[in-house]
Amino acid sequence: MKIIVKDNYKGLSRFAAECIQKQVQYNPGSVLGLATGSTPLGLYERLVQDYKVGGTDYSKVSTINLDEYVGLSKTHPQSYHMFMKENLFSLVNIASRNTYIPDGKAKHLEEECKRYDRIINTIGPPDLLILGIGENGHIGFNEPGSSFEGQTHIVELKESTRRANARLFSSIEEVPKQAITMGIKSILYSKKILLLASGEKKKEAIGQLLTGKIDEQFPASALHLHPNVTVVVDELAYNRQISEAITY
Ligand SMILES: O=P(O)(O)OC[C@H]1O[C@](O)(CO)[C@@H](O)[C@@H]1O
């Protein structure tokens with residue numbers, strides 16, 4: 001695992017955008033694994049800005065998102081479908097037929113999980129997967145205790161995750177209690193992984209990740225099992241004292 005420390009969120013977002021741009025320029029038919037949440041917003045903004053001034057061509061790219069809330073339709077303002085449309089898909093030339101996100105409104109959720117696994121196995125693996133990290137170490141919506149062998153599945157969201165995401169809803173009651181998420185096994189199937197973390201709130205999680213201890217109670221620690229992971233943090237999310245004391 002490689003760690004890169006940027007001065008601030010802007011630097012982190014620029015670095016992540018350059019990784020995606022290089023990937024797509026090198027292989028125009030790349031498969032990108034994409035995340036939602038606040039962290040990748042700066043990265044998407046940067047991709048859009050650069051695209052507008054004649055940057056990268058995304059017409060042959062495919063994207064596979066990590067997760068979606070159960071019960072939210074594709075047009076719900078807080079659905080991850082809407083998030084991706086508003087922040088990236090409608091702003092660059094990615095073909096909508098090449099974008100994949102689990103359907104949180106599927107009638108048969110178990111079937112939907114199987115369908116999504118088939119997509120990951122046929123379109124994927126992602127050449128480059130972007131990840132955020134929850135304060136409790138979740139990746140995608142794989143909460144503490146998730147099996148490292150898991151494929152796409154339904155998760156019961158932890159109260160702390162619902163509270164952390166309530167800022168985007170009018171009240172915590174509106175935050176769905178379940179989500180569909182790519183499992184950790186599928187995440188590890190990606191060829192390259194870039195995990196982004198910004199701000200003081202992520203400092204503890206990043207400190208724990210960098211101890212190198214692998215534990216199902218801390219989902220992000222599964223990334224130590226992958227050969228090509230880069231963790232990009234800003235100064236606020238990086239605990240120099242802990243991190244520099246650790247050698248692994
Ligand atoms: O970037 P944020 O908003 O801090 O969220 C961190 C993680 O939490 C989630 O939003 C899920 O709660 C993930 O999609 C994301 O990677």
# chains A, B, ... in the order shown; residues from 1 in each chain; ligands from 1
$ residues_around --residues "Pro40 (chain A)" --least-positions-apart "4" --cutoff "9 Å" --atoms "only C-alpha atoms" --output "PDB file with C-alpha atoms, in the first residue's frame"
ATOM      1  CA  SER A  13      -8.754  16.045  -5.945  1.00  0.00           C
ATOM      2  CA  ALA A  16      -7.084  11.739  -8.244  1.00  0.00           C
ATOM      3  CA  LEU A  34     -16.689   5.007  -8.941  1.00  0.00           C
ATOM      4  CA  ALA A  35     -17.687   6.168  -5.473  1.00  0.00           C
ATOM      5  CA  THR A  36     -20.177   8.693  -4.147  1.00  0.00           C
ATOM      6  CA  TYR A  44     -15.488  14.953 -10.337  1.00  0.00           C
ATOM      7  CA  GLU A  45     -15.514  18.751 -10.468  1.00  0.00           C
ATOM      8  CA  ILE A 130     -12.006   5.080  -6.581  1.00  0.00           C
ATOM      9  CA  LEU A 131     -12.921   4.563  -2.937  1.00  0.00           C
ATOM     10  CA  GLY A 132     -13.850   6.820  -0.050  1.00  0.00           C
ATOM     11  CA  LEU A 196      -9.282   9.098  -0.945  1.00  0.00           C
TER      12      LEU A 196
END
$ residues_near_ligand --ligand "ligand 1" --cutoff "8 Å" --atoms "only C-alpha atoms and all ligand atoms" --output "ChimeraX atom specification"
/A:35-40,66-67,131-135,138-141,161-162,164-165,197-198,202
$ residues_around --residues "Glu149 (chain A)" --least-positions-apart "2" --cutoff "12 Å" --atoms "only C-alpha atoms" --output "list in words"
Asn142, Gly145, Ser146, Ser147, Gln151, Thr152, His153, Met182, Gly183, Ile184, Lys185, Ser186, Ile187, Leu188, Tyr189, Glu216, Pro219, Ala222 and Leu225 of chain A
